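Here's my_file06.tsv, which has TSV, C-alpha atoms and all ligand atoms:
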chain	number	residue	atom	x	y	z
H	286	MET	CA	98.58	33.19	-27.89
H	287	LEU	CA	96.54	32.33	-30.92
H	288	ILE	CA	95.10	28.85	-31.12
H	289	ARG	CA	93.34	27.86	-34.27
H	290	ARG	CA	90.49	25.58	-33.42
H	291	ALA	CA	89.48	22.82	-35.74
H	292	PRO	CA	86.21	23.87	-37.37
H	293	ARG	CA	83.30	22.06	-35.77
H	294	PHE	CA	80.72	21.87	-38.48
H	295	THR	CA	77.22	20.78	-37.67
H	296	SER	CA	74.15	20.38	-39.79
H	297	ASN	CA	73.40	24.04	-39.08
H	298	ASP	CA	76.57	25.29	-40.63
H	299	VAL	CA	76.41	26.53	-44.13
H	300	THR	CA	77.79	24.67	-47.11
H	301	ASP	CA	77.85	25.83	-50.70
H	302	GLU	CA	74.87	23.62	-51.32
H	303	THR	CA	72.78	25.02	-48.51
H	304	LEU	CA	73.72	28.55	-49.53
H	305	TYR	CA	72.42	27.73	-52.98
H	306	TRP	CA	69.21	26.21	-51.68
H	307	ASN	CA	68.66	29.01	-49.19
H	308	ARG	CA	68.84	31.43	-52.03
H	309	ARG	CA	66.34	29.49	-54.11
H	310	GLU	CA	63.98	29.15	-51.18
H	311	TRP	CA	64.38	32.78	-50.44
H	312	ILE	CA	63.51	33.82	-53.96
H	313	ALA	CA	60.49	31.54	-54.00
H	314	ALA	CA	59.29	32.65	-50.60
H	315	ALA	CA	60.16	36.31	-50.81
H	316	ALA	CA	56.93	37.49	-52.33
H	317	ALA	CA	54.88	35.54	-49.81
H	318	THR	CA	56.72	36.39	-46.61
H	319	LEU	CA	59.02	39.33	-47.01
H	320	ALA	CA	56.28	41.93	-46.83
H	321	LEU	CA	55.11	40.46	-43.52
H	322	LEU	CA	58.48	39.70	-41.99
H	323	PRO	CA	60.98	42.19	-43.30
H	324	GLY	CA	64.57	41.16	-42.78
H	325	GLU	CA	63.86	37.55	-42.04
H	326	GLY	CA	66.24	35.45	-44.07
H	327	ALA	CA	64.43	32.17	-44.57
H	328	ALA	CA	60.88	31.01	-45.02
H	329	ALA	CA	61.27	27.87	-42.94
H	330	ALA	CA	60.55	29.47	-39.56
H	331	PRO	CA	58.32	27.21	-37.46
H	332	ALA	CA	55.42	29.35	-36.35
H	333	GLY	CA	55.32	30.28	-32.70
H	334	PRO	CA	52.74	32.75	-31.37
H	335	PRO	CA	53.37	36.00	-33.26
H	336	LEU	CA	54.65	39.05	-31.40
H	337	LYS	CA	54.51	42.27	-33.38
H	338	ALA	CA	57.02	45.03	-32.84
H	339	ALA	CA	58.28	47.92	-34.95
H	340	ARG	CA	62.00	47.84	-35.61
H	341	ASN	CA	64.12	50.42	-33.84
H	342	GLU	CA	66.26	51.26	-36.88
H	343	GLY	CA	68.58	53.57	-34.97
H	344	LEU	CA	69.62	50.78	-32.62
H	345	SER	CA	69.73	47.99	-35.21
H	346	LEU	CA	72.53	46.46	-37.22
H	347	LYS	CA	72.11	46.82	-40.97
H	348	GLU	CA	73.31	43.24	-41.51
H	349	PRO	CA	70.99	40.42	-42.58
H	350	PRO	CA	69.77	38.24	-39.70
H	351	THR	CA	71.05	34.71	-39.21
H	352	LYS	CA	68.61	32.07	-40.43
H	353	PHE	CA	65.90	31.41	-37.86
H	354	ASP	CA	66.63	27.69	-38.09
H	355	ALA	CA	70.25	28.22	-37.07
H	356	ALA	CA	69.35	30.65	-34.27
H	357	THR	CA	66.98	28.05	-32.79
H	358	THR	CA	69.04	24.88	-33.20
H	359	TYR	CA	72.59	26.03	-32.33
H	360	ASN	CA	72.19	27.23	-28.74
H	361	ASN	CA	73.87	27.40	-25.38
H	362	PHE	CA	71.43	26.61	-22.58
H	363	TYR	CA	73.23	24.36	-20.12
H	364	GLU	CA	70.04	23.59	-18.20
H	365	PHE	CA	69.30	21.28	-21.15
H	366	GLY	CA	72.84	19.93	-21.61
H	367	VAL	CA	76.19	21.06	-22.96
H	368	ASN	CA	75.69	20.29	-26.66
H	369	LYS	CA	74.53	22.97	-29.07
H	370	ASP	CA	71.59	20.84	-30.22
H	371	ASP	CA	70.42	19.80	-26.73
H	372	PRO	CA	68.23	22.89	-26.17
H	373	ALA	CA	66.30	22.44	-29.43
H	374	ARG	CA	65.77	18.74	-28.69
H	375	LEU	CA	64.88	19.02	-25.01
H	376	ALA	CA	63.43	22.48	-24.34
H	377	HIS	CA	59.82	21.33	-24.80
H	378	THR	CA	59.81	20.52	-21.06
H	379	LEU	CA	60.05	24.22	-20.20
H	380	ARG	CA	56.64	25.77	-19.48
H	381	PRO	CA	57.05	29.49	-20.20
H	382	ARG	CA	53.52	30.55	-19.24
H	383	PRO	CA	52.21	31.51	-16.78
H	384	TRP	CA	55.52	32.98	-15.57
H	385	ALA	CA	56.25	35.36	-12.71
H	386	VAL	CA	59.29	37.64	-12.48
H	387	GLN	CA	60.22	39.01	-9.07
H	388	VAL	CA	61.93	42.42	-9.15
H	389	ASP	CA	63.23	43.25	-5.68
H	390	GLY	CA	66.26	43.87	-3.49
H	391	LEU	CA	67.45	47.44	-2.91
H	392	VAL	CA	64.34	49.10	-4.35
H	393	HIS	CA	61.54	51.24	-2.91
H	394	THR	CA	58.70	49.34	-4.58
H	395	PRO	CA	59.49	45.63	-5.06
H	396	LYS	CA	57.00	43.88	-7.29
H	397	THR	CA	56.29	40.55	-8.93
H	398	PHE	CA	55.10	40.77	-12.53
H	399	ASP	CA	53.45	38.28	-14.81
H	400	VAL	CA	55.43	38.16	-18.06
H	401	ASP	CA	52.43	39.19	-20.17
H	402	GLU	CA	51.73	42.07	-17.80
H	403	LEU	CA	55.34	43.18	-18.31
H	404	ILE	CA	54.84	43.11	-22.08
H	405	ARG	CA	51.63	45.18	-21.78
H	406	LEU	CA	53.39	47.72	-19.57
H	407	HIS	CA	56.40	48.03	-21.89
H	408	PRO	CA	55.40	47.83	-25.56
H	409	PRO	CA	58.25	45.91	-27.19
H	410	GLU	CA	60.32	47.01	-30.15
H	411	GLU	CA	62.51	45.00	-32.49
H	412	ARG	CA	66.27	45.50	-32.42
H	413	VAL	CA	68.75	43.61	-34.56
H	414	TYR	CA	71.72	42.79	-32.34
H	415	ALA	CA	74.58	40.36	-32.84
H	416	LEU	CA	74.96	37.83	-30.06
H	417	ARG	CA	78.58	36.82	-29.73
H	418	CYS	CA	79.71	33.82	-27.75
H	419	VAL	CA	83.10	33.54	-26.00
H	420	GLU	CA	83.63	30.51	-28.23
H	421	ALA	CA	84.11	33.02	-31.07
H	422	TRP	CA	81.00	32.55	-33.14
H	423	SER	CA	78.22	35.06	-33.58
H	424	MET	CA	74.68	35.38	-34.88
H	425	VAL	CA	72.64	38.41	-35.93
H	426	ILE	CA	69.20	38.19	-34.37
H	427	PRO	CA	66.13	40.42	-34.58
H	428	TRP	CA	65.29	40.47	-30.87
H	429	ILE	CA	62.01	41.84	-29.55
H	430	GLY	CA	61.96	43.47	-26.14
H	431	PHE	CA	62.08	46.64	-24.09
H	432	PRO	CA	64.85	48.47	-22.24
H	433	LEU	CA	65.67	46.96	-18.86
H	434	GLY	CA	66.07	50.52	-17.53
H	435	ALA	CA	62.32	51.13	-17.96
H	436	LEU	CA	61.54	48.18	-15.70
H	437	LEU	CA	64.18	49.12	-13.12
H	438	ARG	CA	62.91	52.71	-12.89
H	439	ARG	CA	59.44	51.31	-12.18
H	440	VAL	CA	60.62	49.66	-8.93
H	441	GLU	CA	62.74	52.70	-7.89
H	442	PRO	CA	66.25	51.50	-6.95
H	443	THR	CA	67.54	52.94	-3.67
H	444	GLY	CA	70.82	54.82	-3.39
H	445	GLN	CA	72.50	51.63	-2.13
H	446	ALA	CA	71.78	49.66	-5.32
H	447	LYS	CA	74.97	49.29	-7.38
H	448	TYR	CA	74.47	46.01	-9.29
H	449	VAL	CA	71.66	43.97	-10.81
H	450	GLU	CA	71.52	40.19	-10.39
H	451	PHE	CA	69.55	37.95	-12.77
H	452	THR	CA	68.48	34.47	-11.71
H	453	THR	CA	67.21	31.75	-14.04
H	454	LEU	CA	64.46	29.34	-12.99
H	455	LEU	CA	65.52	26.44	-10.75
H	456	ASP	CA	63.26	23.49	-11.53
H	457	PRO	CA	64.65	20.01	-12.28
H	458	ASN	CA	61.26	19.01	-13.67
H	459	GLN	CA	61.63	21.56	-16.44
H	460	PHE	CA	65.43	21.58	-16.78
H	461	PRO	CA	66.86	18.04	-17.09
H	462	ALA	CA	70.47	19.07	-16.38
H	463	GLN	CA	69.40	20.33	-12.93
H	464	ARG	CA	68.43	16.79	-11.97
H	465	ARG	CA	70.63	14.86	-9.63
H	466	GLY	CA	72.44	12.20	-11.65
H	467	PHE	CA	71.82	13.89	-15.00
H	468	PHE	CA	73.84	11.96	-17.54
H	469	GLY	CA	76.68	14.11	-18.70
H	470	PHE	CA	78.92	16.89	-17.60
H	471	SER	CA	77.13	19.44	-15.47
H	472	SER	CA	79.59	22.07	-14.33
H	473	LEU	CA	77.37	24.91	-13.26
H	474	ASP	CA	76.02	25.64	-9.84
H	475	TRP	CA	72.24	26.02	-10.38
H	476	PRO	CA	70.40	28.26	-10.68
H	477	TYR	CA	72.23	30.16	-13.42
H	478	VAL	CA	73.05	33.63	-12.10
H	479	GLU	CA	74.34	36.62	-14.03
H	480	GLY	CA	74.83	40.27	-13.23
H	481	LEU	CA	75.50	43.77	-14.49
H	482	ARG	CA	76.63	46.97	-12.89
H	483	LEU	CA	73.64	49.28	-12.42
H	484	ASP	CA	74.83	51.76	-15.05
H	485	GLU	CA	75.24	48.90	-17.55
H	486	ALA	CA	71.77	47.64	-16.70
H	487	MET	CA	70.29	51.13	-17.18
H	488	HIS	CA	72.01	51.62	-20.55
H	489	PRO	CA	69.40	51.95	-23.31
H	490	LEU	CA	71.03	49.11	-25.31
H	491	THR	CA	70.31	46.56	-22.54
H	492	LEU	CA	67.16	44.75	-23.55
H	493	VAL	CA	64.66	42.60	-21.67
H	494	THR	CA	63.89	40.23	-24.50
H	495	VAL	CA	60.56	38.48	-24.93
H	496	GLY	CA	60.60	37.55	-28.61
H	497	MET	CA	62.62	37.19	-31.79
H	498	TYR	CA	61.92	36.98	-35.54
H	499	GLY	CA	58.39	38.33	-35.08
H	500	GLN	CA	57.28	35.74	-32.53
H	501	VAL	CA	57.48	35.00	-28.83
H	502	LEU	CA	60.84	33.71	-27.65
H	503	PRO	CA	61.30	29.99	-28.42
H	504	ASN	CA	62.02	27.91	-25.31
H	505	GLN	CA	65.59	27.13	-26.37
H	506	ASN	CA	66.36	30.85	-26.67
H	507	GLY	CA	65.32	31.59	-23.08
H	508	ALA	CA	61.52	31.83	-22.96
H	509	PRO	CA	59.61	33.63	-21.72
H	510	LEU	CA	62.16	36.35	-21.01
H	511	ARG	CA	65.90	36.87	-20.95
H	512	VAL	CA	68.25	39.79	-21.17
H	513	VAL	CA	70.37	40.68	-24.19
H	514	VAL	CA	73.42	42.88	-23.56
H	515	PRO	CA	74.83	43.42	-27.04
H	516	TRP	CA	78.33	44.65	-26.16
H	517	LYS	CA	79.07	41.65	-23.91
H	518	TYR	CA	79.72	37.96	-24.50
H	519	GLY	CA	76.57	35.86	-24.76
H	520	PHE	CA	76.77	34.24	-21.34
H	521	LYS	CA	75.93	37.61	-19.70
H	522	SER	CA	72.51	37.35	-21.39
H	523	ALA	CA	70.76	35.08	-18.89
H	524	LYS	CA	67.76	33.11	-20.10
H	525	SER	CA	64.38	32.20	-18.54
H	526	ILE	CA	64.72	34.73	-15.72
H	527	VAL	CA	62.53	34.52	-12.60
H	528	ARG	CA	64.23	37.15	-10.46
H	529	ILE	CA	65.88	40.52	-11.02
H	530	ARG	CA	67.44	41.75	-7.79
H	531	LEU	CA	69.11	45.09	-7.07
H	532	VAL	CA	72.14	44.56	-4.83
H	533	ALA	CA	75.07	46.48	-3.35
H	534	GLU	CA	77.87	44.02	-4.19
H	535	GLU	CA	79.01	42.46	-7.45
H	536	PRO	CA	76.86	39.31	-7.90
H	537	LYS	CA	78.52	35.88	-7.87
H	538	THR	CA	77.84	34.70	-11.38
H	539	ALA	CA	77.53	31.09	-12.54
H	540	TRP	CA	80.36	31.08	-15.10
H	541	ASN	CA	82.68	33.12	-12.93
H	542	LYS	CA	82.19	30.62	-10.09
H	543	ALA	CA	82.86	27.73	-12.49
H	544	ALA	CA	86.02	29.16	-14.13
H	545	ALA	CA	87.02	32.63	-12.95
H	546	GLN	CA	90.14	32.83	-15.16
H	547	GLU	CA	87.98	32.25	-18.25
H	548	TYR	CA	84.86	34.25	-17.50
H	549	GLY	CA	85.15	37.61	-15.79
H	550	PHE	CA	82.35	39.69	-14.39
H	551	TYR	CA	82.54	42.34	-17.11
H	552	SER	CA	82.98	40.14	-20.17
H	553	ASN	CA	82.89	43.04	-22.56
H	554	VAL	CA	83.57	41.87	-26.10
H	555	ASN	CA	87.25	42.73	-26.52
H	556	PRO	CA	89.38	41.45	-29.43
H	557	GLU	CA	92.53	42.34	-27.50
H	558	VAL	CA	91.84	40.03	-24.58
H	559	SER	CA	92.14	36.33	-25.38
H	560	HIS	CA	90.18	33.61	-23.68
H	561	PRO	CA	92.87	31.47	-21.97
H	562	ARG	CA	92.28	28.71	-24.51
H	563	TRP	CA	91.75	30.69	-27.74
H	564	SER	CA	92.01	34.09	-29.37
H	565	GLN	CA	88.98	36.35	-29.37
H	566	ALA	CA	90.29	38.58	-32.15
H	567	THR	CA	88.06	37.10	-34.85
H	568	GLU	CA	84.72	35.38	-35.01
H	569	ARG	CA	82.76	33.11	-37.31
H	570	ARG	CA	79.34	34.45	-38.15
H	571	ILE	CA	77.04	31.43	-38.29
H	572	GLY	CA	76.22	31.06	-41.98
H	573	GLU	CA	79.55	32.44	-43.22
H	574	PHE	CA	82.88	30.76	-43.96
H	575	ARG	CA	85.42	33.49	-43.59
H	576	ARG	CA	86.14	34.65	-40.08
H	577	ARG	CA	85.62	38.34	-39.48
H	578	PRO	CA	87.51	40.59	-37.13
H	579	THR	CA	85.74	41.12	-33.82
H	580	LEU	CA	85.03	44.73	-32.95
H	581	MET	CA	85.68	46.33	-29.57
H	582	PHE	CA	82.48	46.20	-27.50
H	583	ASN	CA	80.95	44.19	-30.35
H	584	GLY	CA	80.79	47.42	-32.39
H	585	TYR	CA	79.10	49.55	-29.71
H	586	ALA	CA	82.22	51.43	-28.50
H	587	ASP	CA	80.71	54.84	-29.28
H	588	GLN	CA	77.73	54.11	-27.07
H	589	VAL	CA	79.30	52.23	-24.14
H	590	ALA	CA	83.06	52.94	-23.88
H	591	HIS	CA	82.39	55.81	-21.45
H	592	LEU	CA	81.03	53.32	-18.91
H	593	TYR	CA	84.57	51.92	-18.55
H	594	ALA	CA	86.63	55.12	-18.64
H	595	GLY	CA	89.77	54.67	-16.55
H	596	MET	CA	89.27	50.92	-16.09
H	597	ASN	CA	91.95	48.42	-17.09
H	598	LEU	CA	89.93	46.16	-19.37
H	599	LYS	CA	92.70	43.55	-19.53
H	600	ALA	CA	92.55	43.04	-15.77
H	601	LEU	CA	88.78	43.52	-15.52
H	602	TYR	CA	87.85	41.17	-18.39
J	1	LIG	N1	70.12	30.29	-18.02
J	1	LIG	C1	71.06	30.28	-18.98
J	1	LIG	N2	71.26	31.38	-19.71
J	1	LIG	C2	72.22	31.40	-20.69
J	1	LIG	C3	73.03	30.25	-20.92
J	1	LIG	C4	72.79	29.09	-20.13
J	1	LIG	O1	73.45	28.05	-20.26
J	1	LIG	N3	71.79	29.13	-19.17
J	1	LIG	N4	74.01	30.30	-21.89
J	1	LIG	C5	74.52	31.65	-22.27
J	1	LIG	C6	75.42	31.62	-23.42
J	1	LIG	S1	76.98	31.00	-23.15
J	1	LIG	C7	75.07	32.15	-24.63
J	1	LIG	S2	76.21	32.28	-25.91
J	1	LIG	C8	73.67	32.62	-24.89
J	1	LIG	C9	73.11	31.87	-26.09
J	1	LIG	O2	71.85	32.40	-26.47
J	1	LIG	P1	71.07	31.75	-27.72
J	1	LIG	O3	71.04	30.28	-27.54
J	1	LIG	O4	69.71	32.37	-27.73
J	1	LIG	O5	71.85	32.12	-28.96
J	1	LIG	O6	72.81	32.41	-23.77
J	1	LIG	C10	73.38	32.64	-22.50
J	1	LIG	N5	72.37	32.53	-21.45
J	2	MO	MO	78.26	31.64	-24.97

For this file, write the structure as structure tokens.
Ligand SMILES: Nc1nc2c(c(=O)[nH]1)N[C@H]1C(S)=C(S)[C@@H](COP(=O)(O)O)O[C@H]1N2
Ligand SMILES: [Mo]
Amino acid sequence: MLIRRAPRFTSNDVTDETLYWNRREWIAAAAATLALLPGEGAAAAPAGPPLKAARNEGLSLKEPPTKFDAATTYNNFYEFGVNKDDPARLAHTLRPRPWAVQVDGLVHTPKTFDVDELIRLHPPEERVYALRCVEAWSMVIPWIGFPLGALLRRVEPTGQAKYVEFTTLLDPNQFPAQRRGFFGFSSLDWPYVEGLRLDEAMHPLTLVTVGMYGQVLPNQNGAPLRVVVPWKYGFKSAKSIVRIRLVAEEPKTAWNKAAAQEYGFYSNVNPEVSHPRWSQATERRIGEFRRRPTLMFNGYADQVAHLYAGMNLKALY
């Protein structure tokens, strides 16, 4: 089944005119900013607190990053509403510091960390990963973070630990869509929960992300910390995490509870498995017109396919 969706253009989508202006701005700004922020496409980035990190070239895409403005105004963060521009408009109510992250469950040394302590303990690096949404659009983002495996080893998982559960903050004062009577469609059972199998969580590509584009993570992108799992659909990459729990059973995840036929536990990017309402064979890179073919495991098959050897990925989507 291949359903062509009507294009839903927003002010963030590129037109010939904006392409032209981006190029002019880029040329004008290149000398001033490119030396400081290599790889950043546009000069218009609102300044957040800087966060320096050397790029891990071996684990980075060679493609140019999506414009910062698009990556921070076209978001999914249902705690602020269901529209792509809700997070950018409303995320100022989130208070990302001070912020504690509890790491516990089936571990020998459970611990609660302050987010800045975590950053000191695990010097971040920059990795350019594409985030791909089930809705079949993608963005290339220079994320800053450290491997989740390093944090998990620190708390020493027990032999019973088989999965990792991530829980987003529950606080209606900071997240308007968690309020009773919030105007609009609110389908998810708060708090937002996601999960990975332990071997997926330990994979060196799985990143605890604390920044992007050379600065601390903007609120709408999941401040102060989120995960980014580059071979999976974007909803696996939970934002604004307060708890990381090692568990024995597959966690009950927010999207799977809301619509199990549409959002499986694994959610590996797979062009051969359609979402029930649309094909996932191609994607639109934000900032481009022509759709591009979607790659198996979002292009990371060489690194991650072995994790799923012998599994039926059509049944375990
Ligand atoms: N807590 C929380 N995390 C979330 C979401 C959400 O609604 N709430 N949306 C997910 C989805 S569907 C996507 S595509 C990515 C979007 O990340 P971005 O806005 O930084 O591009 O975040 C994921 N993490
Ligand atoms: Mo998504």

query: What is the CA of Leu490 (chain H) to CA of Arg417 (chain H) distance in Å?
result: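 Interatomic distance here is 15.1 Å.
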
- request: Would you mind reading off the distance between CA of Asp354 (chain H) and atom C1 of ligand LIG 1 (chain J), one decimal, in Å?
  value: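 One can read the CA of Asp354 (chain H) to atom C1 of ligand LIG 1 (chain J) distance as 19.8 Å.
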
field: Close residues to ligand LIG 1 (chain J) using all atoms listed in the file, limit 6 Å, as a list of chain:residue names
entry: H:Asn360, H:Asn361, H:Phe362, H:Tyr363, H:Glu364, H:Cys418, H:Thr453, H:Tyr477, H:Asn506, H:Gly519, H:Phe520, H:Ser522, H:Ala523, H:Lys524

message: I want to know what sits within 9 Å of region 550-561 of chain H, based on all atoms listed in the file, with residues of the same chain fewer than 2 positions away left out; could you give that as a PyMOL selection string?
response: chain H and resi 286-287+417+419-420+479-482+515-521+535-538+540-541+545-548+563-567+578-584+598-599+601-602

- prompt: In terms of the shortest atom-to-atom distance over all atoms listed in the file, which of H:Ser345, H:Gln463, H:Gln588, H:Ser472 is closest to Glu485 (chain H)?
  reply: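 Checking each candidate against Glu485 (chain H), we get H:Gln588 as the closest.
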
- prompt: In terms of the shortest atom-to-atom distance over all atoms listed in the file, which of H:Ile526, H:Val449, H:Val400, H:Leu416 is closest to ligand MO 2 (chain J)?
  reply: H:Leu416

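Among H:Trp422, H:Tyr498, H:Phe398, H:Trp384, the residue with the shortest atom-to-atom distance to ligand MO 2 (chain J), counting all atoms listed in the file, is H:Trp422.
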
message: My list of candidates is H:Met497, H:Ala544, H:Ala446, H:Leu492. Which is closest to Pro350 (chain H) when distances are computed with only C-alpha atoms?
response: H:Met497

Which protein, DNA or RNA residues are at most 10 Å from (55.9, 36.4, -7.7) in the file's coordinates when you count all atoms listed in the file, listed as a PDB file with C-alpha atoms, in the frame of the given file?
ATOM      1  CA  TRP H 384      55.520  32.980 -15.570  1.00  0.00           C
ATOM      2  CA  ALA H 385      56.250  35.360 -12.710  1.00  0.00           C
ATOM      3  CA  VAL H 386      59.290  37.640 -12.480  1.00  0.00           C
ATOM      4  CA  GLN H 387      60.220  39.010  -9.070  1.00  0.00           C
ATOM      5  CA  VAL H 388      61.930  42.420  -9.150  1.00  0.00           C
ATOM      6  CA  LYS H 396      57.000  43.880  -7.290  1.00  0.00           C
ATOM      7  CA  THR H 397      56.290  40.550  -8.930  1.00  0.00           C
ATOM      8  CA  PHE H 398      55.100  40.770 -12.530  1.00  0.00           C
ATOM      9  CA  ASP H 399      53.450  38.280 -14.810  1.00  0.00           C
ATOM     10  CA  VAL H 527      62.530  34.520 -12.600  1.00  0.00           C
ATOM     11  CA  ARG H 528      64.230  37.150 -10.460  1.00  0.00           C
TER      12      ARG H 528
END

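Considering only C-alpha atoms, the residue among H:Glu410, H:Asp456, H:Glu573, H:Glu402 positioned nearest to Arg380 (chain H) is H:Asp456.
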
- prompt: Of the candidates H:Ala373, H:Ala338, H:Val513, H:Leu455, which shows the shortest atom-to-atom distance to Thr491 (chain H), using only C-alpha atoms?
  reply: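 Counting only C-alpha atoms, the residue closest to Thr491 (chain H) is H:Val513.
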
- prompt: By how many Å are CA of Val413 (chain H) and CA of Leu346 (chain H) apart?
  reply: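 These atoms are spaced 5.4 Å apart.
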
Sphere at (80.5, 19.0, -4.8), radius 12 Å, counting all atoms listed in the file: residues as a ChimeraX atom specification: /H:465,471-474,543
